[in-house]
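Q: Structure supplied as entry_33.cif; contents: mmCIF, C-alpha atoms.
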data_run
#
loop_
_atom_site.group_PDB
_atom_site.id
_atom_site.type_symbol
_atom_site.label_atom_id
_atom_site.label_comp_id
_atom_site.auth_asym_id
_atom_site.auth_seq_id
_atom_site.Cartn_x
_atom_site.Cartn_y
_atom_site.Cartn_z
ATOM 1 C CA MET A 14 27.260 13.864 -29.267
ATOM 2 C CA TYR A 15 30.554 14.608 -27.492
ATOM 3 C CA LEU A 16 33.858 13.530 -29.077
ATOM 4 C CA LYS A 17 37.518 13.687 -28.083
ATOM 5 C CA THR A 18 40.317 13.868 -30.619
ATOM 6 C CA ASN A 19 43.858 15.117 -31.140
ATOM 7 C CA ALA A 20 44.390 17.466 -34.063
ATOM 8 C CA LEU A 21 46.642 19.988 -35.731
ATOM 9 C CA ILE A 22 45.143 23.397 -36.440
ATOM 10 C CA ILE A 23 45.933 24.388 -40.018
ATOM 11 C CA ARG A 24 43.696 27.433 -40.433
ATOM 12 C CA GLU A 25 41.787 29.941 -38.346
ATOM 13 C CA VAL A 26 39.238 32.527 -39.426
ATOM 14 C CA LEU A 27 37.993 35.256 -37.111
ATOM 15 C CA LEU A 28 34.185 35.191 -37.210
ATOM 16 C CA ASN A 29 33.550 38.155 -34.921
ATOM 17 C CA GLU A 30 35.281 39.787 -31.971
ATOM 18 C CA ALA A 31 35.061 36.634 -29.823
ATOM 19 C CA ASP A 32 34.691 33.576 -32.111
ATOM 20 C CA LYS A 33 36.926 31.686 -34.547
ATOM 21 C CA LEU A 34 36.347 29.033 -37.180
ATOM 22 C CA LEU A 35 39.176 26.472 -36.985
ATOM 23 C CA THR A 36 40.202 23.940 -39.620
ATOM 24 C CA LEU A 37 41.745 20.844 -38.042
ATOM 25 C CA ILE A 38 43.431 17.709 -39.293
ATOM 26 C CA SER A 39 42.372 15.139 -36.723
ATOM 27 C CA ASP A 40 43.877 11.745 -36.025
ATOM 28 C CA THR A 41 40.407 10.137 -35.904
ATOM 29 C CA LEU A 42 38.019 12.474 -37.755
ATOM 30 C CA GLY A 43 40.128 13.591 -40.708
ATOM 31 C CA LEU A 44 39.708 17.165 -41.913
ATOM 32 C CA ILE A 45 37.054 19.037 -39.918
ATOM 33 C CA THR A 46 35.909 22.597 -39.280
ATOM 34 C CA VAL A 47 35.142 23.621 -35.703
ATOM 35 C CA LYS A 48 33.420 26.713 -34.365
ATOM 36 C CA ALA A 49 35.243 27.994 -31.278
ATOM 37 C CA LYS A 50 32.868 30.286 -29.423
ATOM 38 C CA GLY A 51 34.468 32.904 -27.165
ATOM 39 C CA ILE A 52 37.997 31.691 -27.940
ATOM 40 C CA VAL A 53 39.337 35.193 -28.610
ATOM 41 C CA LYS A 54 38.243 36.513 -25.213
ATOM 42 C CA ILE A 55 41.049 37.148 -22.754
ATOM 43 C CA THR A 56 39.320 34.906 -20.194
ATOM 44 C CA SER A 57 39.236 31.864 -22.503
ATOM 45 C CA LYS A 58 41.071 28.867 -21.027
ATOM 46 C CA SER A 59 41.519 27.234 -24.448
ATOM 47 C CA SER A 60 42.924 30.191 -26.416
ATOM 48 C CA SER A 61 46.560 29.000 -26.349
ATOM 49 C CA ALA A 62 45.504 25.576 -27.643
ATOM 50 C CA CYS A 63 43.656 27.129 -30.588
ATOM 51 C CA GLN A 64 46.504 28.788 -32.492
ATOM 52 C CA VAL A 65 47.580 27.863 -36.026
ATOM 53 C CA PHE A 66 50.184 25.050 -36.143
ATOM 54 C CA THR A 67 49.393 23.880 -32.628
ATOM 55 C CA TRP A 68 48.891 20.191 -31.836
ATOM 56 C CA SER A 69 46.085 20.000 -29.274
ATOM 57 C CA SER A 70 43.620 17.684 -27.616
ATOM 58 C CA PHE A 71 40.017 18.695 -28.318
ATOM 59 C CA GLU A 72 36.663 17.926 -26.790
ATOM 60 C CA LEU A 73 34.006 18.670 -29.388
ATOM 61 C CA TYR A 74 30.246 18.652 -29.566
ATOM 62 C CA LYS A 75 28.820 17.387 -32.849
ATOM 63 C CA LYS A 76 25.310 18.261 -33.935
ATOM 64 C CA GLY A 77 24.470 17.163 -37.455
ATOM 65 C CA ASP A 78 27.476 18.001 -39.611
ATOM 66 C CA PHE A 79 28.717 20.802 -37.347
ATOM 67 C CA TYR A 80 31.372 20.701 -34.626
ATOM 68 C CA THR A 81 31.597 23.129 -31.714
ATOM 69 C CA LEU A 82 34.573 23.390 -29.389
ATOM 70 C CA VAL A 83 33.889 22.462 -25.775
ATOM 71 C CA GLU A 84 37.475 22.415 -24.465
ATOM 72 C CA ALA A 85 41.015 22.315 -25.858
ATOM 73 C CA ASN A 86 44.374 21.541 -24.277
ATOM 74 C CA GLN A 87 47.661 22.295 -25.967
ATOM 75 C CA ILE A 88 49.943 19.288 -26.488
ATOM 76 C CA HIS A 89 52.704 20.844 -28.609
ATOM 77 C CA THR A 90 53.240 24.183 -30.303
ATOM 78 C CA PHE A 91 55.514 24.508 -33.293
ATOM 79 C CA SER A 92 57.075 27.779 -32.145
ATOM 80 C CA SER A 93 59.844 27.674 -34.757
ATOM 81 C CA LEU A 94 57.141 27.912 -37.431
ATOM 82 C CA GLN A 95 55.273 30.660 -35.650
ATOM 83 C CA SER A 96 58.351 32.854 -35.159
ATOM 84 C CA ASP A 97 59.800 32.660 -38.704
ATOM 85 C CA LEU A 98 57.752 34.184 -41.532
ATOM 86 C CA LYS A 99 59.373 32.095 -44.295
ATOM 87 C CA LYS A 100 58.831 28.841 -42.403
ATOM 88 C CA MET A 101 55.236 29.790 -41.637
ATOM 89 C CA ALA A 102 54.556 30.638 -45.296
ATOM 90 C CA LEU A 103 56.012 27.309 -46.445
ATOM 91 C CA ALA A 104 54.111 25.371 -43.775
ATOM 92 C CA SER A 105 50.892 27.173 -44.743
ATOM 93 C CA TYR A 106 51.399 26.206 -48.372
ATOM 94 C CA LEU A 107 52.109 22.571 -47.485
ATOM 95 C CA TYR A 108 48.993 22.385 -45.330
ATOM 96 C CA GLU A 109 46.867 23.933 -48.079
ATOM 97 C CA VAL A 110 48.041 21.122 -50.337
ATOM 98 C CA THR A 111 47.435 18.602 -47.553
ATOM 99 C CA GLU A 112 43.931 19.984 -47.035
ATOM 100 C CA GLN A 113 43.137 19.288 -50.671
ATOM 101 C CA LEU A 114 44.279 15.665 -50.268
ATOM 102 C CA TYR A 115 42.140 14.949 -47.218
ATOM 103 C CA LEU A 116 38.471 14.106 -47.177
ATOM 104 C CA SER A 117 36.223 15.219 -44.338
ATOM 105 C CA ASP A 118 35.652 11.783 -42.831
ATOM 106 C CA SER A 119 37.285 9.155 -40.664
ATOM 107 C CA GLU A 120 38.694 7.255 -43.676
ATOM 108 C CA THR A 121 41.550 9.740 -43.586
ATOM 109 C CA ALA A 122 42.722 8.606 -40.151
ATOM 110 C CA GLY A 123 45.140 6.113 -41.699
ATOM 111 C CA ARG A 124 46.575 8.796 -43.950
ATOM 112 C CA PHE A 125 46.915 11.115 -40.955
ATOM 113 C CA ARG A 126 48.842 8.536 -38.944
ATOM 114 C CA PHE A 127 51.168 8.025 -41.912
ATOM 115 C CA PHE A 128 51.609 11.756 -42.512
ATOM 116 C CA GLY A 129 51.765 12.831 -38.865
ATOM 117 C CA SER A 130 54.058 10.166 -37.437
ATOM 118 C CA ARG A 131 56.526 10.425 -40.336
ATOM 119 C CA ARG A 132 56.779 14.189 -39.915
ATOM 120 C CA GLY A 133 57.027 14.277 -36.128
ATOM 121 C CA LEU A 134 53.569 15.742 -35.597
ATOM 122 C CA GLN A 135 52.452 12.997 -33.296
ATOM 123 C CA PRO A 136 54.431 10.428 -31.382
ATOM 124 C CA ALA A 137 54.664 6.959 -32.854
ATOM 125 C CA PRO A 138 52.385 4.399 -31.171
ATOM 126 C CA ALA A 139 53.981 2.850 -28.077
ATOM 127 C CA ASP A 140 54.021 -0.652 -29.551
ATOM 128 C CA ARG A 141 56.191 0.544 -32.453
ATOM 129 C CA CYS A 142 58.863 2.321 -30.383
#
Here is a file; write its structure as structure tokens.

A:
Amino acid sequence: MYLKTNALIIREVLLNEADKLLTLISDTLGLITVKAKGIVKITSKSSSACQVFTWSSFELYKKGDFYTLVEANQIHTFSSLQSDLKKMALASYLYEVTEQLYLSDSETAGRFRFFGSRRGLQPAPADRC
């Protein structure tokens, strides 16, 4: 089954020389882990969208309980976090705490909207502007 979602990448683990395991906080799926095959290759079109603390749009393939990345497009990168070690360390700690608060299901979507929109991670819905 193919799914589309927007998410913030909070963790990445290098699986081998070409693949990564990404942990995402999604606006519709909650906390999920995604296997990104070939994302480390220089020819990968989605590599810039699959960096830690990047807000991206994802197309995923779900089989059973596993998600595989089909395509990703970068929406916003938090470059101030990525360029300052202290900020990145603090953000990493906050997202580790956040990860513990989230469940891996769609019931967390409401919590994500509260957390994300209050912190500037996603734009507020158009009807609330």

Q: Skip range 82-99 of chain A itself and residues of its chain fewer than 4 positions away, then list as a list in words all residues within 6 Å of it, counting all atoms listed in the file.

A: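 So, after excluding close chain neighbours, the residues are Ala49, Ser59, Ala62, Thr67, Trp68, Ser69, Ser70, Phe71, Glu72 and Leu73 of chain A.
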
Q: Please, could you write that set of residues out with C-alpha atoms as a compact mmCIF listing (two decimals), in the frame of the given file?

A:
# COMPACT_ATOMS: atom_id res chain seq x y z
CA ALA A 49 35.24 27.99 -31.28
CA SER A 59 41.52 27.23 -24.45
CA ALA A 62 45.50 25.58 -27.64
CA THR A 67 49.39 23.88 -32.63
CA TRP A 68 48.89 20.19 -31.84
CA SER A 69 46.08 20.00 -29.27
CA SER A 70 43.62 17.68 -27.62
CA PHE A 71 40.02 18.70 -28.32
CA GLU A 72 36.66 17.93 -26.79
CA LEU A 73 34.01 18.67 -29.39

Q: Point out the residue among A:Val110, A:Leu42, A:Val53, A:Met14 with the least atom-to-atom distance to Val26 in chain A, counting only C-alpha atoms.

A: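 Answer, going by the shortest atom-to-atom distance: A:Val53.
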
Q: Tell me, in Å to one decimal, how far CA of Asp78 in chain A is from CA of Ile55 in chain A.

A: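 Between CA of Asp78 in chain A and CA of Ile55 in chain A the gap works out to 28.9 Å.
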
Q: Taking all atoms of range 19-29 of chain A that appear in the file, build a box with edges along x, y and z, extend it by 5 Å on every side, and state its centre and edge lengths in Å to one decimal, as JSON.

A:
{"center_x": 40.1, "center_y": 26.6, "center_z": -35.8, "size_x": 23.1, "size_y": 33.0, "size_z": 19.3}

Q: Could you please determine the separation between CA of Val47 in chain A and CA of Ser105 in chain A in Å, to one decimal place?

A: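 Computing the Euclidean distance for CA of Val47 in chain A and CA of Ser105 in chain A yields 18.5 Å.
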
Q: Skip Lys54 in chain A itself and residues of its chain fewer than 4 positions away, then list as a PyMOL selection string all residues within 10 Å of it, counting only C-alpha atoms.

A: chain A and resi 30-32+50+58-60

Q: What would range 51-76 of chain A look like with N, CA and C atoms restored, written as a short mmCIF file (atom, residue, chain, number, x, y, z; two decimals), in the coordinates of the input?

A:
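Contents of part17.cif, freshly written:
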data_model
loop_
_atom_site.label_atom_id
_atom_site.label_comp_id
_atom_site.auth_asym_id
_atom_site.auth_seq_id
_atom_site.Cartn_x
_atom_site.Cartn_y
_atom_site.Cartn_z
N GLY A 51 33.82 32.19 -28.26
CA GLY A 51 34.47 32.90 -27.16
C GLY A 51 35.96 32.67 -27.03
N ILE A 52 36.59 32.08 -28.03
CA ILE A 52 38.00 31.69 -27.94
C ILE A 52 38.93 32.89 -27.96
N VAL A 53 38.49 34.01 -28.51
CA VAL A 53 39.34 35.19 -28.61
C VAL A 53 39.32 36.01 -27.32
N LYS A 54 38.34 35.77 -26.48
CA LYS A 54 38.24 36.51 -25.21
C LYS A 54 39.46 36.25 -24.33
N ILE A 55 39.87 37.26 -23.62
CA ILE A 55 41.05 37.15 -22.75
C ILE A 55 40.85 36.13 -21.63
N THR A 56 39.62 35.85 -21.27
CA THR A 56 39.32 34.91 -20.19
C THR A 56 39.22 33.46 -20.67
N SER A 57 39.36 33.22 -21.96
CA SER A 57 39.24 31.86 -22.50
C SER A 57 40.39 30.97 -22.05
N LYS A 58 40.06 29.82 -21.50
CA LYS A 58 41.07 28.87 -21.03
C LYS A 58 41.72 28.10 -22.19
N SER A 59 41.04 28.04 -23.32
CA SER A 59 41.52 27.23 -24.45
C SER A 59 42.20 28.06 -25.54
N SER A 60 42.40 29.35 -25.34
CA SER A 60 42.92 30.19 -26.42
C SER A 60 44.32 29.79 -26.86
N SER A 61 45.20 29.39 -25.95
CA SER A 61 46.56 29.00 -26.35
C SER A 61 46.57 27.70 -27.14
N ALA A 62 45.59 26.86 -26.93
CA ALA A 62 45.50 25.58 -27.64
C ALA A 62 44.86 25.73 -29.02
N CYS A 63 44.38 26.91 -29.32
CA CYS A 63 43.66 27.13 -30.59
C CYS A 63 44.37 28.10 -31.51
N GLN A 64 45.69 27.98 -31.59
CA GLN A 64 46.50 28.79 -32.49
C GLN A 64 46.92 27.93 -33.68
N VAL A 65 47.16 28.58 -34.82
CA VAL A 65 47.58 27.86 -36.03
C VAL A 65 48.90 27.14 -35.75
N PHE A 66 49.03 25.93 -36.30
CA PHE A 66 50.18 25.05 -36.14
C PHE A 66 50.42 24.67 -34.68
N THR A 67 49.32 24.39 -33.99
CA THR A 67 49.39 23.88 -32.63
C THR A 67 48.73 22.51 -32.60
N TRP A 68 49.40 21.56 -32.00
CA TRP A 68 48.89 20.19 -31.84
C TRP A 68 48.18 20.17 -30.49
N SER A 69 46.88 19.91 -30.50
CA SER A 69 46.08 20.00 -29.27
C SER A 69 45.13 18.83 -29.14
N SER A 70 44.66 18.65 -27.93
CA SER A 70 43.62 17.68 -27.62
C SER A 70 42.30 18.46 -27.53
N PHE A 71 41.28 17.98 -28.24
CA PHE A 71 40.02 18.70 -28.32
C PHE A 71 38.87 17.86 -27.81
N GLU A 72 37.96 18.50 -27.10
CA GLU A 72 36.66 17.93 -26.79
C GLU A 72 35.67 18.72 -27.61
N LEU A 73 34.92 18.03 -28.45
CA LEU A 73 34.01 18.67 -29.39
C LEU A 73 32.58 18.19 -29.17
N TYR A 74 31.65 19.03 -29.55
CA TYR A 74 30.25 18.65 -29.57
C TYR A 74 29.81 18.64 -31.02
N LYS A 75 29.27 17.52 -31.47
CA LYS A 75 28.82 17.39 -32.85
C LYS A 75 27.30 17.36 -32.89
N LYS A 76 26.75 18.24 -33.70
CA LYS A 76 25.31 18.26 -33.94
C LYS A 76 25.12 18.33 -35.44
#
